[in-house]
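Right, one structure below, let's go through it.
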Amino acid sequence: MLNYLWGIMIVIGIVVGVLEGEIGAVSKATINSSKEAVALCITMLGIMAMWTGLMQVAKKCGLVDVFTRMLRPSLKFLYPDIPEGHIANEYIASNMIANILGLGWAATPMGLMAMKELKKLNHDS
């Protein structure tokens with residue numbers, strides 16, 4: 001549904017540009033916006049790589065395991081059906097740790113991996 005909405009907005013923008021005689025401005029704005037989008041993606045990739053790498057270093061030196069053990073009572077309360085020692089607990093704890101530390105970029109991949117593991121545990125799907 002959202003794809004249709006974006007498509008309609010793009011078509012309306014182009015039609016208004018043609019009717020106003022400003023199709024050159026529409027074209028220039030399209031090119032400038034695509035340049036900005038690529039620059040934003042490159043910036044986001046660098047930041048995400050840095051924070052994800054930092055989380056991997058924390059995992060290798062045992063910090064994630066320590067924090068996972070500290071968060072175990074909360075995780076057990078929030079997710080009672082996850083078996084103890086399951087990898088989903090580690091991913092959820094890593095996501096929570098990253099969010100607590102304000103590392104939203106590093107939290108996203110951990111959250112996605114947690115959802116993937118939780119889906120495997122879900123017997124309804």
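Each chain in the structure tokens gets a letter, A, B and so on, in the order shown; residues start at 1 in every chain, and ligands are counted from 1 in the order they appear.
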
Next on the checklist: Which residues are near Trp51 in chain A? Cut-off 7 Å, only C-alpha atoms, ignore same chain within fewer than 2 positions. Put them as a VMD selection string.
Outcome noted: chain A and resid 47 to 49 53 to 55 103 105 to 106

Next on the checklist: For the helix (DSSP H, G or I) assignment from backbone DSSP, which residues of chain A qualify? Please present them as a PyMOL selection string.
Outcome noted: chain A and resi 2-20+23-60+63-78+87-100+104-121

Next on the checklist: What does the structure give for the distance between CA of Ile82 in chain A and CA of Gln56 in chain A, in Å to one decimal?
Outcome noted: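 So the two atoms, CA of Ile82 in chain A and CA of Gln56 in chain A, lie 23.1 Å apart.
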
Checklist entry - What is the distance, in Å and to one decimal place, between CA of Ala29 in chain A and CA of Leu5 in chain A? => result 19.8 Å

Checklist outcome for this item: Correct to one decimal, the distance CA of Gly21 in chain A-CA of Gly7 in chain A is 21.1 Å

Checklist entry - Nearest to Asp81 in chain A among A:Thr108, A:Thr68, A:Asn122, A:Asn95, with distances taken over only C-alpha atoms: which residue is it? => result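 Looking only at the distances to Asp81 in chain A, the closest residue turns out to be A:Asn122.
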